[in-house]
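File shown: start.cif. Contents: mmCIF, C-alpha atoms.
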```
data_entry
loop_
_atom_site.group_PDB
_atom_site.id
_atom_site.type_symbol
_atom_site.label_atom_id
_atom_site.label_comp_id
_atom_site.auth_asym_id
_atom_site.auth_seq_id
_atom_site.Cartn_x
_atom_site.Cartn_y
_atom_site.Cartn_z
ATOM 1 C CA MET A 75 37.603 -0.102 7.359
ATOM 2 C CA SER A 76 35.036 0.127 10.140
ATOM 3 C CA HIS A 77 32.726 -2.742 11.041
ATOM 4 C CA ALA A 78 29.777 -0.731 9.716
ATOM 5 C CA ALA A 79 31.368 -0.126 6.341
ATOM 6 C CA GLY A 80 32.394 -3.742 6.089
ATOM 7 C CA GLY A 81 28.759 -4.817 6.443
ATOM 8 C CA ALA A 82 27.374 -2.285 4.008
ATOM 9 C CA ARG A 83 26.377 -3.040 0.442
ATOM 10 C CA PRO A 84 25.413 -0.952 -2.587
ATOM 11 C CA VAL A 85 21.690 -0.381 -2.929
ATOM 12 C CA ALA A 86 19.763 -0.932 -6.156
ATOM 13 C CA SER A 87 17.902 2.085 -7.498
ATOM 14 C CA ASN A 88 15.688 0.696 -10.261
ATOM 15 C CA VAL A 89 12.498 1.063 -8.215
ATOM 16 C CA ASN A 90 10.030 3.875 -7.576
ATOM 17 C CA LEU A 91 10.743 6.665 -5.135
ATOM 18 C CA THR A 92 8.660 5.362 -2.225
ATOM 19 C CA VAL A 93 10.269 1.939 -2.258
ATOM 20 C CA ARG A 94 13.659 3.605 -2.809
ATOM 21 C CA ARG A 95 13.148 5.637 0.346
ATOM 22 C CA ARG A 96 12.177 2.553 2.311
ATOM 23 C CA ARG A 97 15.161 0.598 1.079
ATOM 24 C CA LEU A 98 17.542 3.473 1.749
ATOM 25 C CA GLY A 99 16.033 3.918 5.203
ATOM 26 C CA GLN A 100 16.444 0.211 5.924
ATOM 27 C CA GLU A 101 20.087 0.390 4.871
ATOM 28 C CA LEU A 102 20.743 3.416 7.087
ATOM 29 C CA ARG A 103 19.075 1.652 10.023
ATOM 30 C CA ARG A 104 21.215 -1.422 9.384
ATOM 31 C CA LEU A 105 24.378 0.706 9.371
ATOM 32 C CA ARG A 106 23.322 2.334 12.643
ATOM 33 C CA GLU A 107 22.637 -1.019 14.278
ATOM 34 C CA LEU A 108 25.968 -2.415 13.037
ATOM 35 C CA LYS A 109 27.617 0.566 14.665
ATOM 36 C CA GLY A 110 25.785 -0.252 17.901
ATOM 37 C CA MET A 111 24.135 3.167 18.176
ATOM 38 C CA THR A 112 20.602 4.125 19.122
ATOM 39 C CA ALA A 113 18.553 6.614 17.109
ATOM 40 C CA GLU A 114 18.748 8.949 20.113
ATOM 41 C CA GLU A 115 22.552 8.827 20.102
ATOM 42 C CA VAL A 116 22.685 9.591 16.371
ATOM 43 C CA ALA A 117 20.260 12.481 16.804
ATOM 44 C CA GLU A 118 22.435 13.947 19.551
ATOM 45 C CA ARG A 119 25.550 13.697 17.365
ATOM 46 C CA LEU A 120 23.860 15.471 14.458
ATOM 47 C CA LEU A 121 21.909 17.958 16.606
ATOM 48 C CA VAL A 122 18.573 16.865 15.113
ATOM 49 C CA SER A 123 15.439 15.351 16.630
ATOM 50 C CA GLN A 124 15.168 11.627 17.229
ATOM 51 C CA SER A 125 11.891 11.677 15.284
ATOM 52 C CA LYS A 126 13.776 12.866 12.181
ATOM 53 C CA ILE A 127 16.116 9.871 12.366
ATOM 54 C CA SER A 128 13.120 7.567 12.788
ATOM 55 C CA ARG A 129 11.281 9.120 9.821
ATOM 56 C CA LEU A 130 14.392 8.820 7.645
ATOM 57 C CA GLU A 131 14.767 5.159 8.565
ATOM 58 C CA ASN A 132 11.159 4.203 7.953
ATOM 59 C CA GLY A 133 10.974 5.986 4.588
ATOM 60 C CA ARG A 134 8.268 8.451 5.629
ATOM 61 C CA ARG A 135 10.493 11.450 4.931
ATOM 62 C CA SER A 136 12.565 12.266 1.864
ATOM 63 C CA ILE A 137 16.290 11.849 2.457
ATOM 64 C CA SER A 138 18.706 14.475 1.196
ATOM 65 C CA GLN A 139 22.227 13.718 0.052
ATOM 66 C CA ARG A 140 23.436 15.811 2.964
ATOM 67 C CA ASP A 141 21.508 13.572 5.386
ATOM 68 C CA VAL A 142 23.204 10.521 3.872
ATOM 69 C CA ARG A 143 26.635 12.132 3.998
ATOM 70 C CA ASP A 144 26.198 13.122 7.643
ATOM 71 C CA LEU A 145 24.907 9.704 8.674
ATOM 72 C CA CYS A 146 27.683 7.877 6.822
ATOM 73 C CA GLY A 147 30.134 10.099 8.687
ATOM 74 C CA VAL A 148 28.637 9.169 12.049
ATOM 75 C CA TYR A 149 28.664 5.475 11.101
ATOM 76 C CA GLU A 150 32.271 5.739 9.858
ATOM 77 C CA VAL A 151 31.509 4.282 6.423
ATOM 78 C CA GLU A 152 34.881 4.522 4.702
ATOM 79 C CA ASP A 153 34.086 2.720 1.446
ATOM 80 C CA GLN A 154 33.308 5.571 -0.949
ATOM 81 C CA ARG A 155 31.408 3.228 -3.291
ATOM 82 C CA ILE A 156 28.888 2.574 -0.514
ATOM 83 C CA VAL A 157 28.555 6.275 0.236
ATOM 84 C CA ASP A 158 28.133 7.099 -3.478
ATOM 85 C CA SER A 159 25.512 4.383 -3.877
ATOM 86 C CA LEU A 160 23.482 5.678 -0.937
ATOM 87 C CA MET A 161 23.879 9.290 -2.074
ATOM 88 C CA GLN A 162 22.599 8.394 -5.548
ATOM 89 C CA MET A 163 19.598 6.635 -4.075
ATOM 90 C CA ALA A 164 18.891 9.712 -1.941
ATOM 91 C CA LYS A 165 19.000 11.859 -5.077
ATOM 92 C CA ASP A 166 16.745 9.479 -7.002
ATOM 93 C CA SER A 167 14.278 9.189 -4.118
ATOM 94 C CA ARG A 168 13.481 12.888 -4.366
ATOM 95 C CA GLN A 169 12.043 12.498 -7.866
ATOM 96 C CA GLN A 170 8.280 12.639 -8.103
ATOM 97 C CA GLY A 171 5.873 9.847 -8.997
ATOM 98 C CA TRP A 172 2.934 10.221 -11.399
ATOM 99 C CA TRP A 173 0.536 10.969 -8.536
ATOM 100 C CA HIS A 174 2.304 14.240 -7.654
ATOM 101 C CA ALA A 175 0.823 15.777 -10.800
ATOM 102 C CA PHE A 176 -2.548 15.645 -9.005
ATOM 103 C CA GLY A 177 -1.354 17.795 -6.101
ATOM 104 C CA ASP A 178 -1.569 16.861 -2.431
ATOM 105 C CA ILE A 179 -2.779 13.262 -2.140
ATOM 106 C CA PRO A 180 -3.280 12.169 1.503
ATOM 107 C CA TYR A 181 -2.236 8.561 0.867
ATOM 108 C CA SER A 182 0.638 9.221 -1.546
ATOM 109 C CA VAL A 183 2.988 6.935 0.415
ATOM 110 C CA TYR A 184 0.558 4.059 -0.113
ATOM 111 C CA ILE A 185 0.212 4.796 -3.843
ATOM 112 C CA GLY A 186 3.995 4.629 -4.175
ATOM 113 C CA LEU A 187 4.056 1.227 -2.496
ATOM 114 C CA GLU A 188 1.109 -0.074 -4.531
ATOM 115 C CA THR A 189 2.737 1.104 -7.763
ATOM 116 C CA ASP A 190 5.788 -1.052 -7.124
ATOM 117 C CA ALA A 191 4.136 -4.008 -5.357
ATOM 118 C CA GLU A 192 4.086 -7.434 -6.973
ATOM 119 C CA SER A 193 0.996 -8.582 -5.085
ATOM 120 C CA LEU A 194 -1.705 -7.096 -2.907
ATOM 121 C CA ARG A 195 -4.021 -8.905 -0.523
ATOM 122 C CA THR A 196 -6.824 -6.810 0.911
ATOM 123 C CA TYR A 197 -9.837 -7.265 3.161
ATOM 124 C CA GLU A 198 -12.727 -4.828 2.777
ATOM 125 C CA PRO A 199 -15.579 -4.858 5.322
ATOM 126 C CA GLN A 200 -17.680 -1.984 3.934
ATOM 127 C CA ILE A 201 -16.931 -0.996 0.342
ATOM 128 C CA ILE A 202 -15.667 -2.394 -2.950
ATOM 129 C CA THR A 203 -11.887 -2.065 -2.971
ATOM 130 C CA GLY A 204 -10.533 0.963 -4.862
ATOM 131 C CA LEU A 205 -8.756 -0.993 -7.605
ATOM 132 C CA LEU A 206 -12.068 -2.593 -8.638
ATOM 133 C CA GLN A 207 -14.306 0.477 -8.400
ATOM 134 C CA THR A 208 -16.165 1.889 -11.379
ATOM 135 C CA ARG A 209 -16.042 5.646 -11.946
ATOM 136 C CA SER A 210 -19.698 6.120 -10.922
ATOM 137 C CA TYR A 211 -19.232 4.103 -7.737
ATOM 138 C CA ALA A 212 -16.022 5.975 -6.845
ATOM 139 C CA GLU A 213 -17.695 9.368 -7.357
ATOM 140 C CA ALA A 214 -20.673 8.448 -5.170
ATOM 141 C CA LEU A 215 -18.457 6.871 -2.540
ATOM 142 C CA ILE A 216 -16.104 9.843 -2.182
ATOM 143 C CA GLN A 217 -19.019 12.277 -2.155
ATOM 144 C CA GLY A 218 -20.724 10.308 0.624
ATOM 145 C CA ALA A 219 -17.594 9.660 2.682
ATOM 146 C CA LEU A 220 -16.279 13.225 2.392
ATOM 147 C CA PRO A 221 -19.422 15.429 2.219
ATOM 148 C CA GLU A 222 -17.499 18.712 2.510
ATOM 149 C CA THR A 223 -15.218 17.942 -0.444
ATOM 150 C CA SER A 224 -15.518 20.181 -3.499
ATOM 151 C CA VAL A 225 -16.559 18.844 -6.882
ATOM 152 C CA ALA A 226 -13.038 19.547 -8.212
ATOM 153 C CA ASP A 227 -11.397 17.571 -5.386
ATOM 154 C CA ILE A 228 -13.804 14.671 -5.860
ATOM 155 C CA GLU A 229 -12.886 14.552 -9.546
ATOM 156 C CA LYS A 230 -9.178 14.651 -8.703
ATOM 157 C CA ARG A 231 -9.551 11.740 -6.282
ATOM 158 C CA VAL A 232 -11.527 9.760 -8.857
ATOM 159 C CA GLN A 233 -8.868 10.381 -11.513
ATOM 160 C CA VAL A 234 -6.152 9.139 -9.151
ATOM 161 C CA ARG A 235 -8.213 6.019 -8.395
ATOM 162 C CA ILE A 236 -8.722 5.284 -12.095
ATOM 163 C CA ARG A 237 -5.005 5.813 -12.741
ATOM 164 C CA ARG A 238 -4.133 3.380 -9.935
ATOM 165 C CA GLN A 239 -6.205 0.733 -11.688
ATOM 166 C CA GLU A 240 -3.683 0.613 -14.526
ATOM 167 C CA ARG A 241 -1.647 -1.693 -12.271
ATOM 168 C CA ILE A 242 -4.226 -4.469 -12.601
ATOM 169 C CA SER A 243 -4.915 -3.940 -16.306
ATOM 170 C CA ALA A 244 -1.286 -3.816 -17.467
ATOM 171 C CA ASP A 245 -0.376 -6.203 -20.286
ATOM 172 C CA THR A 246 2.935 -7.097 -18.654
ATOM 173 C CA ASN A 247 3.552 -7.810 -14.981
ATOM 174 C CA PRO A 248 0.112 -6.751 -13.676
ATOM 175 C CA LEU A 249 -0.428 -6.491 -9.941
ATOM 176 C CA ARG A 250 -1.592 -9.804 -8.456
ATOM 177 C CA LEU A 251 -4.711 -8.890 -6.517
ATOM 178 C CA TRP A 252 -6.549 -11.014 -3.940
ATOM 179 C CA VAL A 253 -9.637 -9.409 -2.403
ATOM 180 C CA VAL A 254 -11.895 -10.656 0.378
ATOM 181 C CA LEU A 255 -15.112 -8.627 0.413
ATOM 182 C CA ASP A 256 -17.513 -8.763 3.325
ATOM 183 C CA GLU A 257 -21.041 -9.351 2.056
ATOM 184 C CA ALA A 258 -21.851 -5.853 3.359
ATOM 185 C CA CYS A 259 -19.820 -4.478 0.443
ATOM 186 C CA LEU A 260 -22.346 -5.993 -1.953
ATOM 187 C CA ARG A 261 -25.396 -4.882 0.021
ATOM 188 C CA ARG A 262 -24.459 -1.286 0.900
ATOM 189 C CA VAL A 263 -26.079 0.852 -1.803
ATOM 190 C CA VAL A 264 -23.515 3.434 -2.881
ATOM 191 C CA GLY A 265 -24.910 5.939 -5.389
ATOM 192 C CA SER A 266 -27.968 4.054 -6.604
ATOM 193 C CA ARG A 267 -29.167 0.556 -7.428
ATOM 194 C CA GLN A 268 -28.087 1.141 -11.029
ATOM 195 C CA VAL A 269 -24.588 2.137 -9.894
ATOM 196 C CA MET A 270 -24.432 -0.958 -7.678
ATOM 197 C CA ARG A 271 -25.553 -3.279 -10.470
ATOM 198 C CA GLU A 272 -22.865 -1.955 -12.814
ATOM 199 C CA GLN A 273 -20.293 -2.077 -10.016
ATOM 200 C CA LEU A 274 -20.965 -5.696 -9.091
ATOM 201 C CA GLU A 275 -21.044 -6.769 -12.731
ATOM 202 C CA HIS A 276 -17.632 -5.128 -13.102
ATOM 203 C CA VAL A 277 -16.242 -6.988 -10.071
ATOM 204 C CA ALA A 278 -17.579 -10.294 -11.399
ATOM 205 C CA GLU A 279 -15.990 -9.627 -14.784
ATOM 206 C CA MET A 280 -12.618 -8.595 -13.317
ATOM 207 C CA SER A 281 -12.582 -11.649 -11.051
ATOM 208 C CA GLN A 282 -12.264 -13.847 -14.133
ATOM 209 C CA LEU A 283 -8.805 -12.481 -14.909
ATOM 210 C CA PRO A 284 -6.074 -14.955 -13.924
ATOM 211 C CA HIS A 285 -4.238 -12.490 -11.663
ATOM 212 C CA ILE A 286 -7.341 -11.301 -9.783
ATOM 213 C CA THR A 287 -9.077 -13.350 -7.105
ATOM 214 C CA VAL A 288 -12.238 -12.191 -5.341
ATOM 215 C CA GLN A 289 -13.917 -13.979 -2.439
ATOM 216 C CA VAL A 290 -17.032 -12.994 -0.528
ATOM 217 C CA LEU A 291 -17.232 -13.402 3.247
ATOM 218 C CA PRO A 292 -20.945 -14.117 3.837
ATOM 219 C CA PHE A 293 -22.945 -12.724 6.732
ATOM 220 C CA ASP A 294 -23.613 -16.177 8.179
ATOM 221 C CA VAL A 295 -19.915 -16.609 9.028
ATOM 222 C CA GLY A 296 -20.595 -14.460 12.086
ATOM 223 C CA ALA A 297 -17.602 -13.175 14.057
ATOM 224 C CA HIS A 298 -14.323 -13.532 12.158
ATOM 225 C CA PRO A 299 -10.635 -12.438 12.364
ATOM 226 C CA GLY A 300 -11.225 -9.339 10.217
ATOM 227 C CA ILE A 301 -13.891 -7.916 12.507
ATOM 228 C CA ASN A 302 -11.626 -4.990 13.473
ATOM 229 C CA GLY A 303 -11.658 -3.562 9.977
ATOM 230 C CA GLN A 304 -9.989 -3.055 6.614
ATOM 231 C CA TYR A 305 -6.330 -3.801 5.926
ATOM 232 C CA SER A 306 -4.025 -4.655 3.038
ATOM 233 C CA ILE A 307 -0.789 -6.620 2.726
ATOM 234 C CA LEU A 308 1.650 -5.486 0.027
ATOM 235 C CA GLU A 309 4.441 -7.758 -1.162
ATOM 236 C CA PHE A 310 7.342 -6.907 -3.460
ATOM 237 C CA ALA A 311 9.324 -8.855 -6.044
ATOM 238 C CA ASP A 312 12.699 -7.946 -4.553
ATOM 239 C CA ALA A 313 13.496 -9.922 -1.412
ATOM 240 C CA ALA A 314 15.237 -6.817 -0.044
ATOM 241 C CA ASP A 315 11.844 -5.104 0.284
ATOM 242 C CA SER A 316 9.904 -6.354 3.285
ATOM 243 C CA SER A 317 6.137 -6.808 3.099
ATOM 244 C CA VAL A 318 3.965 -3.987 4.446
ATOM 245 C CA VAL A 319 0.600 -4.063 6.188
ATOM 246 C CA TYR A 320 -1.401 -0.930 5.370
ATOM 247 C CA ILE A 321 -4.306 0.230 7.530
ATOM 248 C CA GLU A 322 -6.162 3.304 6.293
ATOM 249 C CA GLY A 323 -7.131 5.932 8.857
ATOM 250 C CA VAL A 324 -9.244 9.093 8.840
ATOM 251 C CA THR A 325 -6.442 11.559 9.611
ATOM 252 C CA SER A 326 -3.377 9.321 9.304
ATOM 253 C CA ASP A 327 -2.526 5.876 7.966
ATOM 254 C CA LEU A 328 -0.646 3.037 9.627
ATOM 255 C CA TYR A 329 2.161 1.069 7.984
ATOM 256 C CA LEU A 330 3.389 -2.074 9.753
ATOM 257 C CA GLU A 331 6.667 -3.594 8.599
ATOM 258 C CA LYS A 332 7.911 -5.651 11.554
ATOM 259 C CA ALA A 333 8.010 -9.348 10.657
ATOM 260 C CA GLN A 334 5.840 -10.391 13.591
ATOM 261 C CA ASP A 335 3.166 -7.816 12.722
ATOM 262 C CA VAL A 336 3.077 -8.835 9.063
ATOM 263 C CA GLN A 337 2.882 -12.483 10.128
ATOM 264 C CA LYS A 338 -0.119 -11.857 12.400
ATOM 265 C CA TYR A 339 -2.060 -10.111 9.640
ATOM 266 C CA THR A 340 -1.052 -12.793 7.145
ATOM 267 C CA VAL A 341 -2.437 -15.514 9.424
ATOM 268 C CA MET A 342 -5.626 -13.477 9.871
ATOM 269 C CA TYR A 343 -5.934 -13.254 6.092
ATOM 270 C CA GLU A 344 -5.538 -16.996 5.677
ATOM 271 C CA HIS A 345 -8.434 -17.498 8.105
ATOM 272 C CA LEU A 346 -10.563 -14.997 6.175
ATOM 273 C CA ARG A 347 -9.854 -16.754 2.881
ATOM 274 C CA ALA A 348 -10.732 -20.102 4.438
ATOM 275 C CA GLN A 349 -14.032 -18.833 5.873
ATOM 276 C CA ALA A 350 -15.073 -17.004 2.703
ATOM 277 C CA LEU A 351 -16.988 -18.569 -0.181
ATOM 278 C CA ASN A 352 -14.707 -20.115 -2.791
ATOM 279 C CA VAL A 353 -14.008 -18.271 -6.034
ATOM 280 C CA GLU A 354 -16.874 -19.784 -8.034
ATOM 281 C CA GLN A 355 -19.395 -19.395 -5.199
ATOM 282 C CA SER A 356 -18.246 -15.809 -4.656
ATOM 283 C CA ARG A 357 -18.689 -14.865 -8.307
ATOM 284 C CA GLN A 358 -22.137 -16.423 -8.275
ATOM 285 C CA ARG A 359 -23.084 -14.498 -5.122
ATOM 286 C CA ILE A 360 -21.884 -11.230 -6.680
ATOM 287 C CA GLU A 361 -23.811 -11.890 -9.902
ATOM 288 C CA ASP A 362 -26.959 -12.837 -7.971
ATOM 289 C CA VAL A 363 -26.897 -9.612 -5.937
ATOM 290 C CA ALA A 364 -26.249 -7.622 -9.134
ATOM 291 C CA LYS A 365 -29.443 -9.128 -10.600
ATOM 292 C CA GLU A 366 -31.361 -8.082 -7.504
ATOM 293 C CA TYR A 367 -30.364 -4.474 -8.174
ATOM 294 C CA ALA A 368 -31.675 -4.791 -11.741
ATOM 295 C CA ARG A 369 -35.222 -5.501 -10.556
#
```

Produce structure tokens that represent the structure in this file.
Amino acid sequence: MSHAAGGARPVASNVNLTVRRRRLGQELRRLRELKGMTAEEVAERLLVSQSKISRLENGRRSISQRDVRDLCGVYEVEDQRIVDSLMQMAKDSRQQGWWHAFGDIPYSVYIGLETDAESLRTYEPQIITGLLQTRSYAEALIQGALPETSVADIEKRVQVRIRRQERISADTNPLRLWVVLDEACLRRVVGSRQVMREQLEHVAEMSQLPHITVQVLPFDVGAHPGINGQYSILEFADAADSSVVYIEGVTSDLYLEKAQDVQKYTVMYEHLRAQALNVEQSRQRIEDVAKEYAR
């Protein structure tokens, strides 16, 4: 048996397709590294582009059973149980998640990760985070942010957002959510004052759930570690799934998985939490601003 096959292990498949792809990609990368090969060398052997190997390994591209078979051949994996396990995961990873019913969703990779995450920490500098948005706020926000979007597409995006919120309202194993909102999120009038009042009342109500924590970063904090913008940190129950930092972009999103990158953003988040108002003060600030909108 080759060294690569000796270090391989069957891969669990009881997770959603996005996480399955990531885990399968991580396993294929591990097999390549055990074999002592670079992605460029593998690409040359298989007569494919190096970017394809990279996309397969980082889970950004669906992996066919043929891809797995070819890669296992290059890595000289002789244990058929390992090959079968990886082939099955490749087959399973091509199934579609609930969000595919809504058509082309630009951030479908993120939705897949969020659907399977155990906890989510997010910093929002401008708007109320999507999982806590009311329908009216979401409609006004999408319409304002994407002015050329059709009414039908706005409705589709709103429906996806509402469906995502099932993760925090589930009776069993709800997503643990920790949100740091810049005070600008409370003050920026999205839709109307009525929409904002209802939105902030909703955030205050949701923040009382045991698995949801909301903190407000007040203006008087001044410069702070989150000054560069929004980001989220997703963590998973299975230790085999590394944490992911997600940064939303206009035309493309960024996913950081290297340990040192995740650590830097985690430290930044700890500083944000420390500088923000505590939970009780934050809820009071949110309720006070909501009352201002009622006047």

From A:Arg359, A:Arg96, A:Arg241, A:Arg250, residue lying nearest A:Ser317 [only C-alpha atoms]: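 Checking each of A:Arg359, A:Arg96, A:Arg241, A:Arg250 against A:Ser317, counting only C-alpha atoms, the winner is A:Arg96.
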
Hits of the PyMOL selection byres ((chain A and resi 157) around 10) in this structure, as a ChimeraX atom specification: /A:79,82-84,139,142-143,145-147,151-156,158-163

Write out as a Markdown table the residues of stretch 277-338 of chain A that have any atom within 12 Å of an atom of stretch 202-211 of chain A, one row each with the nearest atom pair and its distance in Å to one decimal, counting only C-alpha atoms, sorted by chain and then rising number.
```
| residue | atom | partner | partner_atom | distance |
| --- | --- | --- | --- | --- |
| A:Val277 | CA | A:Leu206 | CA | 6.2 |
| A:Ala278 | CA | A:Leu206 | CA | 9.9 |
| A:Glu279 | CA | A:Leu206 | CA | 10.1 |
| A:Met280 | CA | A:Leu206 | CA | 7.6 |
| A:Ser281 | CA | A:Leu206 | CA | 9.4 |
| A:Ile286 | CA | A:Leu206 | CA | 10.0 |
| A:Thr287 | CA | A:Leu206 | CA | 11.3 |
| A:Val288 | CA | A:Leu206 | CA | 10.1 |
| A:Gln289 | CA | A:Ile202 | CA | 11.7 |
| A:Val290 | CA | A:Ile202 | CA | 11.0 |
| A:Gln304 | CA | A:Thr203 | CA | 9.8 |
| A:Tyr305 | CA | A:Thr203 | CA | 10.6 |
| A:Ser306 | CA | A:Thr203 | CA | 10.2 |
```

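Candidate residues A:Tyr367, A:Tyr343, A:Tyr149, A:Phe310 were compared for distance to A:Arg195, and the nearest is A:Tyr343, using all atoms listed in the file.
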
Interatomic distance, atom CA of A:Thr189 to atom CA of A:Asp245 (Å, one decimal): 14.8 Å

Residue neighbourhood A:Ile301, 10 Å, all atoms listed in the file, exclusion window fewer than 3 positions, as a PyMOL selection string: chain A and resi 199+256+296-298+304

Top pick for closest residue to A:Val264, considering A:Ala212, A:Ile185, A:Val148, A:Ala113 and counting all atoms listed in the file: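 Answer, going by the shortest atom-to-atom distance: A:Ala212.
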
I would like the residues chosen by the PyMOL selection byres ((chain A and resi 106) around 10) on the shown file; could you give them as a PDB file with C-alpha atoms, keeping the file's coordinate frame?
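Result file follows (result19.pdb):
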```
ATOM      1  CA  ALA A  78      29.777  -0.731   9.716  1.00  0.00           C
ATOM      2  CA  GLN A 100      16.444   0.211   5.924  1.00  0.00           C
ATOM      3  CA  GLU A 101      20.087   0.390   4.871  1.00  0.00           C
ATOM      4  CA  LEU A 102      20.743   3.416   7.087  1.00  0.00           C
ATOM      5  CA  ARG A 103      19.075   1.652  10.023  1.00  0.00           C
ATOM      6  CA  ARG A 104      21.215  -1.422   9.384  1.00  0.00           C
ATOM      7  CA  LEU A 105      24.378   0.706   9.371  1.00  0.00           C
ATOM      8  CA  GLU A 107      22.637  -1.019  14.278  1.00  0.00           C
ATOM      9  CA  LEU A 108      25.968  -2.415  13.037  1.00  0.00           C
ATOM     10  CA  LYS A 109      27.617   0.566  14.665  1.00  0.00           C
ATOM     11  CA  GLY A 110      25.785  -0.252  17.901  1.00  0.00           C
ATOM     12  CA  MET A 111      24.135   3.167  18.176  1.00  0.00           C
ATOM     13  CA  THR A 112      20.602   4.125  19.122  1.00  0.00           C
ATOM     14  CA  ALA A 113      18.553   6.614  17.109  1.00  0.00           C
ATOM     15  CA  GLU A 115      22.552   8.827  20.102  1.00  0.00           C
ATOM     16  CA  VAL A 116      22.685   9.591  16.371  1.00  0.00           C
ATOM     17  CA  GLU A 131      14.767   5.159   8.565  1.00  0.00           C
ATOM     18  CA  LEU A 145      24.907   9.704   8.674  1.00  0.00           C
ATOM     19  CA  CYS A 146      27.683   7.877   6.822  1.00  0.00           C
ATOM     20  CA  VAL A 148      28.637   9.169  12.049  1.00  0.00           C
ATOM     21  CA  TYR A 149      28.664   5.475  11.101  1.00  0.00           C
ATOM     22  CA  GLU A 150      32.271   5.739   9.858  1.00  0.00           C
TER      23      GLU A 150
END
```

Output check: residues returned by the PyMOL selection byres ((chain A and resi 228) around 12), as a ChimeraX atom specification: /A:176,179,209-210,212-227,229-235

File dump, residues just selected, C-alpha atoms, as a tab-separated table (two decimals), keeping the file's coordinate frame:
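Below is the file that was written, out39.tsv:
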```tsv
chain	number	residue	atom	x	y	z
A	176	PHE	CA	-2.55	15.64	-9.01
A	179	ILE	CA	-2.78	13.26	-2.14
A	209	ARG	CA	-16.04	5.65	-11.95
A	210	SER	CA	-19.70	6.12	-10.92
A	212	ALA	CA	-16.02	5.98	-6.84
A	213	GLU	CA	-17.70	9.37	-7.36
A	214	ALA	CA	-20.67	8.45	-5.17
A	215	LEU	CA	-18.46	6.87	-2.54
A	216	ILE	CA	-16.10	9.84	-2.18
A	217	GLN	CA	-19.02	12.28	-2.15
A	218	GLY	CA	-20.72	10.31	0.62
A	219	ALA	CA	-17.59	9.66	2.68
A	220	LEU	CA	-16.28	13.22	2.39
A	221	PRO	CA	-19.42	15.43	2.22
A	222	GLU	CA	-17.50	18.71	2.51
A	223	THR	CA	-15.22	17.94	-0.44
A	224	SER	CA	-15.52	20.18	-3.50
A	225	VAL	CA	-16.56	18.84	-6.88
A	226	ALA	CA	-13.04	19.55	-8.21
A	227	ASP	CA	-11.40	17.57	-5.39
A	229	GLU	CA	-12.89	14.55	-9.55
A	230	LYS	CA	-9.18	14.65	-8.70
A	231	ARG	CA	-9.55	11.74	-6.28
A	232	VAL	CA	-11.53	9.76	-8.86
A	233	GLN	CA	-8.87	10.38	-11.51
A	234	VAL	CA	-6.15	9.14	-9.15
A	235	ARG	CA	-8.21	6.02	-8.40
```

Who sits within 10 Å of A:Asn247, all atoms listed in the file, same chain under 5 positions skipped, as a list of chain:residue names: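 In the requested format, the answer is A:Glu192, A:Arg241, A:Ile242, A:His285.
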
Length of the atom CA of A:Arg261 to atom CA of A:Ile307 vector [Å]: 24.8 Å

Gap from atom CA of A:Tyr181 to atom CA of A:Lys332 - Å, one decimal: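 That distance, rounded to one decimal, is 20.5 Å.
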
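When all atoms listed in the file are used to compute distances to A:Gln268, the closest of the residues A:Lys126, A:Arg238, A:Lys365, A:Arg347 turns out to be A:Lys365.
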
Residue among A:Leu120, A:Leu194, A:Ala350, A:Ile127 lying closest to A:Asp144, counting only C-alpha atoms: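 Smallest distance to A:Asp144 is found for A:Leu120.
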
Pick from A:Arg140, A:Arg129, A:His345, A:Arg94 nearest to A:Val254, counting all atoms listed in the file: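 Smallest distance to A:Val254 is found for A:His345.
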
Centre and edge lengths, as JSON, for the axis-aligned box enclosing every listed atom of stretch 117-134 of chain A with 4 Å of padding on each of the six sides, in Å to one decimal?
```
{"center_x": 16.9, "center_y": 11.1, "center_z": 12.1, "size_x": 25.3, "size_y": 21.8, "size_z": 23.0}
```

Show me as a CSV table (one decimal) with C-alpha atoms, keeping the file's coordinate frame the residues that reach within 12 Å of (-25.7, -6.9, -8.5), counting only C-alpha atoms and using the file's own coordinates.
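To be explicit, this is the file written out as result.csv:
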```
chain,number,residue,atom,x,y,z
A,257,GLU,CA,-21.0,-9.4,2.1
A,259,CYS,CA,-19.8,-4.5,0.4
A,260,LEU,CA,-22.3,-6.0,-2.0
A,261,ARG,CA,-25.4,-4.9,0.0
A,262,ARG,CA,-24.5,-1.3,0.9
A,263,VAL,CA,-26.1,0.9,-1.8
A,264,VAL,CA,-23.5,3.4,-2.9
A,266,SER,CA,-28.0,4.1,-6.6
A,267,ARG,CA,-29.2,0.6,-7.4
A,268,GLN,CA,-28.1,1.1,-11.0
A,269,VAL,CA,-24.6,2.1,-9.9
A,270,MET,CA,-24.4,-1.0,-7.7
A,271,ARG,CA,-25.6,-3.3,-10.5
A,272,GLU,CA,-22.9,-2.0,-12.8
A,273,GLN,CA,-20.3,-2.1,-10.0
A,274,LEU,CA,-21.0,-5.7,-9.1
A,275,GLU,CA,-21.0,-6.8,-12.7
A,276,HIS,CA,-17.6,-5.1,-13.1
A,277,VAL,CA,-16.2,-7.0,-10.1
A,278,ALA,CA,-17.6,-10.3,-11.4
A,279,GLU,CA,-16.0,-9.6,-14.8
A,357,ARG,CA,-18.7,-14.9,-8.3
A,358,GLN,CA,-22.1,-16.4,-8.3
A,359,ARG,CA,-23.1,-14.5,-5.1
A,360,ILE,CA,-21.9,-11.2,-6.7
A,361,GLU,CA,-23.8,-11.9,-9.9
A,362,ASP,CA,-27.0,-12.8,-8.0
A,363,VAL,CA,-26.9,-9.6,-5.9
A,364,ALA,CA,-26.2,-7.6,-9.1
A,365,LYS,CA,-29.4,-9.1,-10.6
A,366,GLU,CA,-31.4,-8.1,-7.5
A,367,TYR,CA,-30.4,-4.5,-8.2
A,368,ALA,CA,-31.7,-4.8,-11.7
A,369,ARG,CA,-35.2,-5.5,-10.6
```
